[in-house]
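Shown next: final.txt, given as compact mmCIF, C-alpha atoms.
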# COMPACT_ATOMS: atom_id res chain seq x y z
CA MET A 200 19.54 3.05 31.42
CA LEU A 201 19.46 1.03 28.25
CA ASP A 202 21.67 2.48 25.54
CA LEU A 203 19.40 3.06 22.57
CA GLY A 204 22.14 4.41 20.34
CA ILE A 205 20.31 7.57 19.38
CA ASP A 206 23.40 9.62 20.31
CA VAL A 207 25.00 8.50 17.03
CA LEU A 208 22.74 10.93 15.22
CA PHE A 209 24.18 13.87 17.12
CA LYS A 210 27.73 13.13 16.05
CA GLY A 211 28.98 15.33 13.25
CA THR A 212 26.51 15.85 10.43
CA ASN A 213 24.78 12.50 10.80
CA PHE A 214 21.32 13.88 11.45
CA LEU A 215 21.61 16.33 8.55
CA ARG A 216 22.65 13.47 6.28
CA LEU A 217 19.59 11.53 7.37
CA LEU A 218 17.38 14.50 6.57
CA GLY A 219 19.15 14.77 3.22
CA GLY A 220 18.15 11.16 2.58
CA LEU A 221 14.57 12.02 3.48
CA TRP A 222 14.74 14.87 1.00
CA VAL A 223 15.82 12.50 -1.79
CA ALA A 224 12.76 10.34 -1.08
CA MET A 225 10.52 13.40 -0.86
CA ARG A 226 11.91 14.83 -4.09
CA ILE A 227 11.08 11.62 -5.95
CA SER A 228 7.56 11.57 -4.58
CA LEU A 229 6.96 15.29 -5.13
CA ILE A 230 8.05 15.16 -8.78
CA SER A 231 6.00 12.01 -9.35
CA ILE A 232 2.91 13.50 -7.70
CA ALA A 233 3.23 16.74 -9.66
CA LEU A 234 3.28 14.71 -12.89
CA SER A 235 0.70 12.11 -11.83
CA ILE A 236 -2.08 14.51 -10.92
CA PRO A 237 -2.56 16.19 -14.33
CA LEU A 238 -1.92 12.91 -16.17
CA GLY A 239 -4.32 11.14 -13.83
CA LEU A 240 -7.03 13.73 -14.43
CA LEU A 241 -6.68 13.19 -18.16
CA THR A 242 -6.64 9.39 -17.77
CA GLY A 243 -9.70 9.52 -15.56
CA VAL A 244 -11.66 11.52 -18.11
CA LEU A 245 -10.60 9.13 -20.86
CA MET A 246 -11.62 6.18 -18.68
CA THR A 247 -15.21 7.42 -18.73
CA SER A 248 -15.07 7.90 -22.50
CA LYS A 249 -17.91 6.57 -24.61
CA SER A 250 -15.53 4.66 -26.86
CA LYS A 251 -15.24 1.05 -25.76
CA ILE A 252 -11.74 0.70 -27.19
CA ILE A 253 -10.34 3.64 -25.22
CA ARG A 254 -12.00 2.39 -22.04
CA PHE A 255 -10.61 -1.08 -22.62
CA ILE A 256 -7.06 0.16 -23.23
CA PHE A 257 -7.03 2.20 -20.03
CA ARG A 258 -8.65 -0.63 -18.07
CA VAL A 259 -5.85 -2.98 -19.14
CA TYR A 260 -3.24 -0.34 -18.26
CA LEU A 261 -4.76 0.17 -14.81
CA GLU A 262 -5.07 -3.52 -14.01
CA MET A 263 -1.56 -4.29 -15.25
CA ILE A 264 -0.01 -1.61 -13.07
CA ARG A 265 -2.21 -2.47 -10.13
CA ILE A 266 -1.61 -6.16 -9.93
CA MET A 267 2.18 -5.92 -9.80
CA PRO A 268 3.92 -5.00 -6.55
CA GLN A 269 5.60 -1.61 -6.94
CA LEU A 270 8.94 -3.20 -6.24
CA VAL A 271 8.50 -5.51 -9.24
CA LEU A 272 7.71 -2.47 -11.39
CA LEU A 273 10.86 -0.79 -10.13
CA PHE A 274 12.89 -3.87 -11.03
CA LEU A 275 11.28 -4.08 -14.46
CA VAL A 276 12.09 -0.48 -15.29
CA TYR A 277 15.49 -0.33 -13.63
CA PHE A 278 16.94 -3.64 -14.78
CA GLY A 279 14.60 -4.39 -17.68
CA THR A 280 15.11 -1.25 -19.73
CA THR A 281 18.86 -1.56 -19.49
CA ARG A 282 18.72 -4.95 -21.11
CA ALA A 283 15.83 -4.60 -23.50
CA LEU A 284 16.27 -1.02 -24.70
CA GLY A 285 19.86 -0.30 -23.79
CA TRP A 286 18.92 2.68 -21.65
CA ASN A 287 21.10 3.51 -18.72
CA LEU A 288 18.66 4.97 -16.24
CA SER A 289 19.73 6.25 -12.87
CA GLY A 290 17.86 4.74 -9.95
CA GLU A 291 16.14 8.01 -9.28
CA MET A 292 14.96 8.38 -12.88
CA ALA A 293 13.68 4.79 -12.92
CA SER A 294 11.75 5.37 -9.71
CA ILE A 295 10.17 8.56 -11.02
CA ILE A 296 9.05 6.71 -14.17
CA VAL A 297 7.51 3.92 -12.08
CA PHE A 298 5.82 6.26 -9.64
CA VAL A 299 4.37 8.39 -12.43
CA LEU A 300 3.04 5.30 -14.24
CA TRP A 301 1.59 3.96 -11.00
CA GLY A 302 0.32 7.33 -9.74
CA THR A 303 -1.35 8.11 -13.05
CA ALA A 304 -3.17 4.78 -13.02
CA GLU A 305 -4.35 5.12 -9.43
CA MET A 306 -5.23 8.78 -9.80
CA GLY A 307 -7.07 8.01 -13.04
CA ASP A 308 -9.15 5.42 -11.26
CA LEU A 309 -9.99 7.88 -8.47
CA VAL A 310 -11.02 10.49 -11.04
CA ARG A 311 -13.11 7.91 -12.89
CA GLY A 312 -14.82 6.93 -9.65
CA SER A 313 -15.71 10.51 -8.77
CA LEU A 314 -16.79 11.34 -12.32
CA ILE A 315 -19.31 8.49 -12.49
CA SER A 316 -20.57 9.48 -9.05
CA VAL A 317 -21.94 12.67 -10.62
CA PRO A 318 -25.54 11.93 -11.65
CA LYS A 319 -26.13 11.64 -15.38
CA HIS A 320 -28.74 14.39 -15.44
CA GLN A 321 -26.02 16.91 -14.64
CA TYR A 322 -24.36 16.12 -17.95
CA GLU A 323 -27.68 16.15 -19.78
CA SER A 324 -28.85 19.43 -18.25
CA SER A 325 -25.66 21.26 -19.18
CA GLU A 326 -25.86 19.84 -22.69
CA ALA A 327 -29.46 21.04 -22.89
CA LEU A 328 -28.26 24.50 -21.89
CA GLY A 329 -26.02 24.45 -24.93
CA MET A 330 -22.69 24.05 -23.17
CA THR A 331 -19.81 22.48 -25.03
CA LYS A 332 -18.13 19.38 -23.63
CA GLY A 333 -15.25 21.43 -22.31
CA GLN A 334 -17.57 23.86 -20.57
CA THR A 335 -19.58 21.04 -19.05
CA TYR A 336 -16.47 19.54 -17.47
CA LEU A 337 -14.96 22.84 -16.42
CA TYR A 338 -18.01 24.47 -14.85
CA ILE A 339 -20.35 21.64 -13.89
CA ILE A 340 -18.61 18.32 -13.37
CA LEU A 341 -15.15 19.19 -12.05
CA PRO A 342 -16.31 21.42 -9.15
CA GLN A 343 -18.56 18.60 -7.94
CA THR A 344 -15.92 15.91 -8.24
CA VAL A 345 -13.21 17.89 -6.45
CA ARG A 346 -14.85 17.42 -3.06
CA ARG A 347 -14.90 13.69 -3.45
CA LEU A 348 -11.53 13.56 -5.14
CA LEU A 349 -9.38 15.73 -2.90
CA PRO A 350 -9.33 13.56 0.25
CA LEU A 351 -8.69 10.46 -1.85
CA SER A 352 -5.82 12.06 -3.74
CA ILE A 353 -4.22 13.27 -0.53
CA ASN A 354 -4.32 9.66 0.64
CA LEU A 355 -2.64 8.66 -2.60
CA ILE A 356 0.12 11.16 -1.84
CA THR A 357 0.84 9.53 1.52
CA ARG A 358 0.85 6.13 -0.14
CA MET A 359 3.35 7.41 -2.66
CA ILE A 360 5.61 8.90 0.01
CA LYS A 361 5.54 5.59 1.88
CA THR A 362 6.31 3.65 -1.27
CA THR A 363 9.40 5.75 -1.99
CA SER A 364 11.11 3.76 0.78
CA LEU A 365 11.37 0.97 -1.82
CA VAL A 366 13.79 2.88 -4.03
CA LEU A 367 16.52 1.74 -1.65
CA MET A 368 16.29 -1.62 -3.38
CA ILE A 369 17.35 -0.24 -6.76
CA GLY A 370 20.29 1.57 -5.29
CA VAL A 371 19.00 5.08 -4.67
CA VAL A 372 20.66 6.55 -1.60
CA GLU A 373 17.63 7.68 0.37
CA MET A 374 16.92 7.85 4.09
CA LEU A 375 17.05 4.12 4.84
CA LYS A 376 20.33 3.74 2.95
CA VAL A 377 21.84 6.71 4.78
CA ALA A 378 20.63 5.16 8.04
CA GLN A 379 22.41 1.91 7.16
CA GLN A 380 25.58 3.81 6.31
CA ILE A 381 25.51 5.68 9.62
CA ILE A 382 24.97 2.44 11.53
CA GLU A 383 27.79 0.70 9.67
CA ALA A 384 30.21 3.59 10.21
CA ASN A 385 29.57 3.60 13.96
CA ARG A 386 29.52 -0.15 14.42
CA MET A 387 32.45 -0.07 16.88
CA THR A 388 31.60 2.96 18.97
CA SER A 389 27.86 2.54 19.24
CA GLN A 390 26.64 -0.99 18.94
CA ASN A 391 23.00 -0.24 19.52
CA ALA A 392 22.81 2.38 16.79
CA ALA A 393 20.51 0.16 14.68
CA PHE A 394 17.71 0.58 17.20
CA GLY A 395 18.00 4.32 17.65
CA VAL A 396 18.62 5.23 14.05
CA PHE A 397 15.83 3.07 12.62
CA LEU A 398 13.52 4.38 15.33
CA VAL A 399 14.26 7.92 14.17
CA VAL A 400 13.68 6.91 10.54
CA PHE A 401 10.36 5.40 11.58
CA ILE A 402 9.35 8.58 13.39
CA LEU A 403 10.46 10.81 10.51
CA TYR A 404 8.33 8.87 8.02
CA PHE A 405 5.43 9.12 10.43
CA LEU A 406 5.90 12.87 10.84
CA VAL A 407 5.86 13.37 7.08
CA CYS A 408 2.82 11.19 6.34
CA TRP A 409 0.67 11.83 9.39
CA PRO A 410 -0.28 15.48 8.63
CA PHE A 411 -1.39 14.43 5.13
CA SER A 412 -3.61 11.63 6.36
CA ARG A 413 -5.07 13.87 9.07
CA LEU A 414 -5.85 16.49 6.43
CA ALA A 415 -7.50 13.85 4.22
CA GLY A 416 -9.57 12.60 7.13
CA PHE A 417 -10.56 16.13 8.08
CA LEU A 418 -11.65 17.07 4.54
CA GLU A 419 -13.55 13.82 4.16
CA LYS A 420 -15.53 14.50 7.32
CA LYS A 421 -16.11 18.14 6.46
CA TRP A 422 -17.45 17.46 2.98
CA GLN A 423 -19.56 14.46 3.85
CA GLY A 424 -23.13 14.73 2.67
CA MET M 114 15.00 -15.47 -24.01
CA SER M 115 16.60 -18.73 -23.00
CA TRP M 116 13.99 -21.33 -22.12
CA GLU M 117 16.69 -23.66 -20.90
CA PHE M 118 17.64 -21.13 -18.24
CA ILE M 119 14.01 -20.68 -17.25
CA GLY M 120 13.53 -24.43 -16.90
CA LYS M 121 16.69 -24.77 -14.87
CA TYR M 122 15.83 -22.11 -12.32
CA MET M 123 12.10 -22.72 -12.17
CA PRO M 124 12.36 -24.75 -8.92
CA MET M 125 14.17 -21.85 -7.26
CA TYR M 126 11.26 -19.56 -8.07
CA GLN M 127 8.79 -22.18 -6.93
CA ARG M 128 10.47 -22.41 -3.55
CA ALA M 129 10.51 -18.61 -3.32
CA ALA M 130 6.84 -18.38 -4.25
CA VAL M 131 5.97 -20.94 -1.58
CA LEU M 132 7.88 -18.88 0.99
CA THR M 133 6.15 -15.67 -0.13
CA LEU M 134 2.77 -17.39 0.10
CA LYS M 135 3.50 -19.00 3.43
CA ILE M 136 4.55 -15.79 5.15
CA GLY M 137 1.83 -13.88 3.33
CA ILE M 138 -0.95 -16.21 4.46
CA ILE M 139 0.22 -16.47 8.07
CA GLY M 140 0.83 -12.72 8.24
CA ILE M 141 -2.58 -11.93 6.78
CA ALA M 142 -4.25 -14.35 9.20
CA PHE M 143 -2.65 -12.49 12.11
CA ALA M 144 -3.53 -9.17 10.51
CA ILE M 145 -7.18 -10.25 10.38
CA LEU M 146 -7.02 -11.21 14.04
CA VAL M 147 -5.43 -7.91 15.06
CA GLY M 148 -7.81 -5.99 12.85
CA LEU M 149 -10.90 -7.73 14.17
CA MET M 150 -9.94 -7.13 17.78
CA SER M 151 -9.04 -3.50 17.10
CA ALA M 152 -12.31 -2.92 15.25
CA LEU M 153 -14.32 -4.40 18.13
CA VAL M 154 -12.47 -2.26 20.66
CA LEU M 155 -13.23 0.83 18.59
CA TYR M 156 -16.85 -0.23 18.06
CA TYR M 157 -17.55 -0.78 21.75
CA LYS M 158 -15.47 2.31 22.64
CA VAL M 159 -13.50 0.49 25.33
CA PRO M 160 -11.86 3.25 27.38
CA VAL M 161 -8.04 3.57 27.41
CA ILE M 162 -7.53 0.59 25.07
CA LYS M 163 -9.39 2.55 22.41
CA ARG M 164 -6.75 5.28 22.63
CA ILE M 165 -3.92 2.78 22.29
CA ILE M 166 -5.58 1.17 19.27
CA LYS M 167 -6.09 4.55 17.63
CA MET M 168 -2.43 5.40 18.15
CA TYR M 169 -1.39 2.04 16.76
CA ILE M 170 -3.53 2.54 13.66
CA GLU M 171 -2.03 5.98 13.00
CA LEU M 172 1.52 4.70 13.50
CA SER M 173 1.07 1.66 11.34
CA ARG M 174 -0.76 3.37 8.49
CA ASN M 175 1.64 6.26 8.19
CA THR M 176 4.92 4.36 7.96
CA PRO M 177 6.17 2.09 5.17
CA LEU M 178 6.40 -1.67 5.76
CA LEU M 179 10.06 -1.59 4.77
CA VAL M 180 10.86 0.82 7.61
CA GLN M 181 8.80 -1.25 10.05
CA LEU M 182 10.66 -4.39 9.00
CA PHE M 183 14.08 -2.76 9.33
CA PHE M 184 13.14 -1.60 12.79
CA ILE M 185 11.94 -5.05 13.84
CA TYR M 186 14.73 -7.00 12.16
CA TYR M 187 17.77 -4.81 12.83
CA GLY M 188 16.60 -2.62 15.70
CA PHE M 189 14.87 -5.03 18.07
CA PRO M 190 17.86 -7.35 18.63
CA LYS M 191 19.67 -4.36 20.17
CA ILE M 192 17.15 -4.26 23.01
CA GLY M 193 17.25 -8.00 23.42
CA ILE M 194 14.41 -9.14 21.14
CA ARG M 195 15.91 -11.38 18.49
CA LEU M 196 13.47 -12.72 15.93
CA ASP M 197 13.95 -15.09 13.04
CA ALA M 198 13.61 -13.40 9.63
CA GLU M 199 10.45 -15.33 8.77
CA ILE M 200 8.85 -14.39 12.08
CA CYS M 201 9.87 -10.79 11.47
CA GLY M 202 8.04 -10.92 8.17
CA VAL M 203 4.91 -12.27 9.82
CA VAL M 204 5.09 -9.72 12.63
CA GLY M 205 5.65 -6.87 10.18
CA LEU M 206 2.76 -7.94 7.98
CA ALA M 207 0.47 -8.36 10.99
CA PHE M 208 1.50 -4.93 12.31
CA LEU M 209 0.88 -3.20 9.00
CA GLY M 210 -2.15 -5.23 7.95
CA GLY M 211 -3.83 -5.08 11.34
CA SER M 212 -4.58 -1.39 10.99
CA TYR M 213 -5.85 -1.71 7.42
CA MET M 214 -8.07 -4.64 8.40
CA ALA M 215 -9.28 -2.72 11.46
CA GLU M 216 -10.42 0.15 9.26
CA ALA M 217 -12.21 -2.24 6.89
CA PHE M 218 -14.05 -4.04 9.70
CA ARG M 219 -14.80 -0.83 11.58
CA SER M 220 -16.51 0.78 8.62
CA GLY M 221 -18.46 -2.47 8.16
CA LEU M 222 -19.57 -2.47 11.79
CA GLU M 223 -20.53 1.19 11.64
CA SER M 224 -22.58 0.72 8.49
CA ILE M 225 -25.13 -1.33 10.46
CA ASP M 226 -27.99 0.84 11.57
CA LYS M 227 -28.31 1.42 15.31
CA ILE M 228 -31.95 0.35 15.13
CA GLN M 229 -30.92 -3.24 14.45
CA GLU M 230 -29.00 -3.40 17.70
CA GLU M 231 -31.85 -1.82 19.60
CA SER M 232 -34.42 -4.19 18.09
CA ALA M 233 -32.30 -7.21 18.92
CA LEU M 234 -31.79 -6.01 22.48
CA SER M 235 -35.50 -5.45 22.90
CA LEU M 236 -36.10 -9.03 21.75
CA GLY M 237 -34.15 -10.10 24.79
CA MET M 238 -30.86 -11.02 23.11
CA THR M 239 -27.68 -10.61 25.13
CA ARG M 240 -25.03 -8.20 23.88
CA PHE M 241 -22.95 -11.13 22.72
CA GLN M 242 -25.86 -12.60 20.79
CA VAL M 243 -26.55 -9.27 19.15
CA MET M 244 -22.97 -9.13 17.91
CA ARG M 245 -22.82 -12.80 16.95
CA TYR M 246 -26.13 -13.12 15.10
CA ILE M 247 -27.16 -9.62 14.03
CA ILE M 248 -24.31 -7.19 13.58
CA PHE M 249 -21.29 -9.33 12.78
CA PRO M 250 -22.70 -11.25 9.78
CA GLN M 251 -23.93 -8.08 8.12
CA ALA M 252 -20.78 -6.13 8.91
CA ILE M 253 -18.55 -8.84 7.46
CA ALA M 254 -20.52 -8.82 4.22
CA THR M 255 -20.23 -5.06 3.92
CA SER M 256 -16.51 -5.06 4.54
CA VAL M 257 -15.67 -7.74 1.97
CA PRO M 258 -14.58 -5.36 -0.84
CA ALA M 259 -12.26 -3.42 1.48
CA PHE M 260 -11.08 -6.71 2.96
CA MET M 261 -10.16 -8.21 -0.41
CA ALA M 262 -8.39 -5.01 -1.43
CA ASN M 263 -6.36 -5.27 1.76
CA VAL M 264 -5.47 -8.91 1.11
CA ILE M 265 -4.14 -8.02 -2.35
CA PHE M 266 -2.32 -5.00 -0.93
CA LEU M 267 -0.66 -7.11 1.77
CA LEU M 268 0.32 -9.87 -0.66
CA LYS M 269 1.97 -7.21 -2.82
CA GLU M 270 3.73 -5.75 0.20
CA THR M 271 5.42 -9.11 0.82
CA SER M 272 7.78 -8.14 -2.02
CA VAL M 273 9.91 -6.14 0.42
CA PHE M 274 10.81 -9.23 2.46
CA SER M 275 13.98 -9.71 0.43
CA SER M 276 15.40 -6.72 2.33
CA ILE M 277 15.52 -8.74 5.54
CA SER M 278 17.28 -11.55 3.67
CA LEU M 279 14.30 -13.80 3.13
CA MET M 280 14.70 -15.77 -0.08
CA ASP M 281 11.48 -14.63 -1.67
CA LEU M 282 10.71 -13.95 -5.35
CA MET M 283 12.41 -10.55 -5.41
CA PHE M 284 15.50 -11.98 -3.75
CA THR M 285 15.67 -14.82 -6.26
CA ALA M 286 15.27 -12.49 -9.23
CA LYS M 287 17.92 -10.09 -7.98
CA ASP M 288 20.24 -13.00 -7.22
CA LEU M 289 19.90 -14.47 -10.71
CA ILE M 290 20.38 -11.08 -12.37
CA GLY M 291 23.53 -10.57 -10.33
CA LEU M 292 24.92 -14.06 -10.85
CA TYR M 293 24.18 -14.82 -14.50
CA TYR M 294 23.20 -11.49 -16.00
CA LYS M 295 20.05 -13.15 -17.37
CA THR M 296 17.92 -10.08 -16.77
CA THR M 297 15.13 -10.77 -19.23
CA GLU M 298 14.53 -14.34 -18.09
CA SER M 299 14.74 -13.50 -14.39
CA LEU M 300 12.32 -10.61 -14.66
CA PHE M 301 9.96 -12.63 -16.86
CA MET M 302 9.74 -15.39 -14.26
CA LEU M 303 9.35 -12.82 -11.49
CA VAL M 304 6.35 -11.26 -13.19
CA MET M 305 4.85 -14.65 -14.06
CA PHE M 306 5.08 -15.93 -10.50
CA TYR M 307 3.55 -12.79 -9.04
CA LEU M 308 0.73 -13.07 -11.56
CA ILE M 309 0.15 -16.70 -10.56
CA ILE M 310 -0.16 -15.60 -6.94
CA LEU M 311 -2.09 -12.36 -7.39
CA LEU M 312 -4.41 -12.90 -10.35
CA PRO M 313 -6.64 -15.53 -8.70
CA VAL M 314 -6.98 -13.41 -5.56
CA SER M 315 -7.82 -10.35 -7.60
CA LEU M 316 -10.40 -12.25 -9.68
CA LEU M 317 -11.92 -13.76 -6.54
CA GLY M 318 -12.16 -10.24 -5.10
CA SER M 319 -14.13 -8.84 -8.03
CA LEU M 320 -16.34 -11.96 -8.13
CA LEU M 321 -17.20 -11.62 -4.43
CA GLU M 322 -17.86 -7.93 -4.80
CA ARG M 323 -20.34 -8.54 -7.63
CA ARG M 324 -22.09 -11.31 -5.70
CA LEU M 325 -22.45 -9.21 -2.58
CA ARG M 326 -23.95 -6.27 -4.38
CA TYR M 327 -26.87 -8.44 -5.40
CA ALA M 328 -27.45 -9.61 -1.85
CA GLY M 329 -28.09 -6.07 -0.65
CA PHE M 330 -28.69 -7.05 2.99
CA GLY M 331 -31.73 -4.94 3.54
CA ASN M 332 -30.25 -1.66 2.40

Once you've parsed the file, please lay out its structure as structure tokens.
Amino acid sequence: MLDLGIDVLFKGTNFLRLLGGLWVAMRISLISIALSIPLGLLTGVLMTSKSKIIRFIFRVYLEMIRIMPQLVLLFLVYFGTTRALGWNLSGEMASIIVFVLWGTAEMGDLVRGSLISVPKHQYESSEALGMTKGQTYLYIILPQTVRRLLPLSINLITRMIKTTSLVLMIGVVEMLKVAQQIIEANRMTSQNAAFGVFLVVFILYFLVCWPFSRLAGFLEKKWQG
Amino acid sequence: MSWEFIGKYMPMYQRAAVLTLKIGIIGIAFAILVGLMSALVLYYKVPVIKRIIKMYIELSRNTPLLVQLFFIYYGFPKIGIRLDAEICGVVGLAFLGGSYMAEAFRSGLESIDKIQEESALSLGMTRFQVMRYIIFPQAIATSVPAFMANVIFLLKETSVFSSISLMDLMFTAKDLIGLYYKTTESLFMLVMFYLIILLPVSLLGSLLERRLRYAGFGN
């Protein structure tokens, strides 16, 4: 049989190290998601603000973040801040900053989209009933938007987890880096390790993201109409 | 900011941008092909193949391009498939983009009311004619916004090609930062070149979207 080199992972603590690398990537995405969701909710509400200036500012922010590849943003924060501001950010810190900036923008846009999908008369009716702005959002608008928003934000979470694979490029030791190290260390004994190890990395990413996208698909179907 | 430095290394960035564009365009073309075929298979519910396509879509959508590229570039040679880095980039982009394009086209195809197909069939059109003249043109129009979003997404994803040692924009920027410590200039040019590539596509996307909304296509 063809030697696929998966056996490398069963030597010593190699597989645990790989999972540790996965955890580093997951930690970055979990922290970023936890920060992005509340910030995104706020941004989304501000994006539907009546003030043209506020809307314009957030529009520019969203478009600027959106048009750049995430890797470019990572480079800008990781290398750029060192030079321009004299900060010495760790790779992990830089990636959290980028993912929060990016996640907030994307989440904000999702919130904006679901907010404007609520018919205007809902706002007007609750105003007519004498509700304050806060009450209107809390009791009338938010419950209606959640159904539309939840599947979309779960999809954003999977996108964020997938994007964390990029942090390798600014020197964070995550799963792909650990995989490379394992392959390098076993170059002599197991020449086909690159196939097996990267296959396992591929499967692990799939196993992490797949349940989320299934859940999003399920909720979307359930709440349709 | 040293303009002299920028002028000196401009050609390097130009070459890199051309490479990014070249692989991006070829990769996206293949992604469209893969996506179109997958969407048709799903639409006609071809047995067995439908299952394979569904599995492919799940696999491709739930893994990062970087991991896919590493697997193709470093893993495949170990089982005897050795691909050139540029071809790897194209294959990776087609593999990732195919599933996104498939979803865009599929939702376009499904948005066409069943009654249109039935009417066309009752007029004596063949199944091929129904697809060619009735369903396809309308479906394409409906899927344009998702399609353009995918094109921009895929062009942005090309930024990871530097990891399989393709001399693209990211590679050039990282190289210059490492060699000359000209961080500001290198990053400035990096951003500028990505804007030159992505802004027109993004503007075209929103233009098309606005145009299509007016058309309405009977809805």

Within 9 Å of chain A: each chain M residue with its shortest pair, only C-alpha atoms, as CSV:
residue,atom,partner,partner_atom,distance
M:Glu171,CA,A:Trp409,CA,7.4
M:Leu172,CA,A:Phe405,CA,6.7
M:Ser173,CA,A:Phe405,CA,8.7
M:Arg174,CA,A:Trp409,CA,8.6
M:Asn175,CA,A:Phe405,CA,5.2
M:Thr176,CA,A:Phe405,CA,5.4
M:Pro177,CA,A:Lys361,CA,4.8
M:Leu178,CA,A:Lys361,CA,8.3
M:Leu179,CA,A:Ser364,CA,6.8
M:Val180,CA,A:Phe401,CA,6.1
M:Gln181,CA,A:Phe401,CA,7.0
M:Phe183,CA,A:Phe397,CA,6.9
M:Phe184,CA,A:Phe397,CA,5.4
M:Ile185,CA,A:Phe394,CA,8.7
M:Tyr187,CA,A:Ala393,CA,6.0
M:Gly188,CA,A:Phe394,CA,3.7
M:Phe189,CA,A:Phe394,CA,6.3
M:Pro190,CA,A:Phe394,CA,8.1
M:Lys191,CA,A:Asn391,CA,5.3
M:Ile192,CA,A:Phe394,CA,7.6
M:Ile265,CA,A:Ile266,CA,8.2
M:Phe266,CA,A:Pro268,CA,8.4
M:Leu268,CA,A:Pro268,CA,8.4
M:Lys269,CA,A:Pro268,CA,4.8
M:Glu270,CA,A:Pro268,CA,6.8
M:Thr271,CA,A:Pro268,CA,8.6
M:Ser272,CA,A:Leu270,CA,6.6
M:Val273,CA,A:Leu270,CA,7.3
M:Ser276,CA,A:Met368,CA,7.7
M:Met283,CA,A:Val271,CA,7.4
M:Lys287,CA,A:Phe274,CA,8.6
M:Ile290,CA,A:Phe278,CA,8.5
M:Thr296,CA,A:Gly279,CA,6.7
M:Thr297,CA,A:Gly279,CA,6.6
M:Leu300,CA,A:Leu275,CA,6.6
M:Phe301,CA,A:Leu275,CA,9.0
M:Leu303,CA,A:Val271,CA,7.7
M:Val304,CA,A:Val271,CA,7.3
M:Tyr307,CA,A:Met267,CA,7.0
M:Leu308,CA,A:Ile266,CA,7.5
M:Leu311,CA,A:Ile266,CA,6.7
M:Leu312,CA,A:Ile266,CA,7.3
M:Ser315,CA,A:Ile266,CA,7.8

Please define a box with edges along x, y and z of the file around all atoms of region 404-407 of chain A given in the file, extend it by 4 Å on each side, and return its centre and edge lengths in Å to one decimal, as AutoDock Vina command-line options.
--center_x 6.9 --center_y 11.1 --center_z 9.0 --size_x 10.9 --size_y 12.5 --size_z 11.8

Study note, to complete from the structure: Shortest contact to Ile253 (chain M), candidates M:Val204, M:Leu279, M:Leu325, M:Val161, atoms counted all atoms listed in the file, goes to M:Leu325

Exercise for review: Counting only C-alpha atoms, select every polymer residue within 10 Å of (-9.3, 10.4, -13.5) as defined in the file's coordinates, and provide the selection as number ranges by chain.
Suggested key: A: 236-247, 303-314, 348

Please dump the current selection as a PDB file, keeping the file's coordinate frame; keep C-alpha atoms.
ATOM      1  CA  ILE A 236      -2.080  14.510 -10.920  1.00  0.00           C
ATOM      2  CA  PRO A 237      -2.560  16.190 -14.330  1.00  0.00           C
ATOM      3  CA  LEU A 238      -1.920  12.910 -16.170  1.00  0.00           C
ATOM      4  CA  GLY A 239      -4.320  11.140 -13.830  1.00  0.00           C
ATOM      5  CA  LEU A 240      -7.030  13.730 -14.430  1.00  0.00           C
ATOM      6  CA  LEU A 241      -6.680  13.190 -18.160  1.00  0.00           C
ATOM      7  CA  THR A 242      -6.640   9.390 -17.770  1.00  0.00           C
ATOM      8  CA  GLY A 243      -9.700   9.520 -15.560  1.00  0.00           C
ATOM      9  CA  VAL A 244     -11.660  11.520 -18.110  1.00  0.00           C
ATOM     10  CA  LEU A 245     -10.600   9.130 -20.860  1.00  0.00           C
ATOM     11  CA  MET A 246     -11.620   6.180 -18.680  1.00  0.00           C
ATOM     12  CA  THR A 247     -15.210   7.420 -18.730  1.00  0.00           C
ATOM     13  CA  THR A 303      -1.350   8.110 -13.050  1.00  0.00           C
ATOM     14  CA  ALA A 304      -3.170   4.780 -13.020  1.00  0.00           C
ATOM     15  CA  GLU A 305      -4.350   5.120  -9.430  1.00  0.00           C
ATOM     16  CA  MET A 306      -5.230   8.780  -9.800  1.00  0.00           C
ATOM     17  CA  GLY A 307      -7.070   8.010 -13.040  1.00  0.00           C
ATOM     18  CA  ASP A 308      -9.150   5.420 -11.260  1.00  0.00           C
ATOM     19  CA  LEU A 309      -9.990   7.880  -8.470  1.00  0.00           C
ATOM     20  CA  VAL A 310     -11.020  10.490 -11.040  1.00  0.00           C
ATOM     21  CA  ARG A 311     -13.110   7.910 -12.890  1.00  0.00           C
ATOM     22  CA  GLY A 312     -14.820   6.930  -9.650  1.00  0.00           C
ATOM     23  CA  SER A 313     -15.710  10.510  -8.770  1.00  0.00           C
ATOM     24  CA  LEU A 314     -16.790  11.340 -12.320  1.00  0.00           C
ATOM     25  CA  LEU A 348     -11.530  13.560  -5.140  1.00  0.00           C
TER      26      LEU A 348
END

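The space separating CA of Leu300 (chain A) from CA of Ser352 (chain A) comes to 15.3 Å.
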
Practice item. Please provide as number ranges by chain all residues within 10 Å of Ile339 (chain A), with the sequence filter that same-chain residues fewer than 6 positions apart are discarded (counting only C-alpha atoms). Key: A: 317, 321-322, 324-325, 330, 333

Exercise for review: In the coordinate frame of the file, compute which residues have an atom within 10 Å of (-24.4, -8.5, 7.0) when using only C-alpha atoms, and state them as a list in words.
Suggested key: Gly221, Leu222, Ser224, Ile225, Tyr246, Ile247, Ile248, Phe249, Pro250, Gln251, Ala252, Ile253, Ala254, Thr255, Ser256, Leu325, Ala328, Gly329, Phe330 and Gly331 of chain M

Review point. Which one of M:Met238, M:Ala130, M:Ile194, M:Leu321 sits closest to Val257 (chain M) if you count only C-alpha atoms?
Key: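 Looking only at the distances to Val257 (chain M), the closest residue turns out to be M:Leu321.
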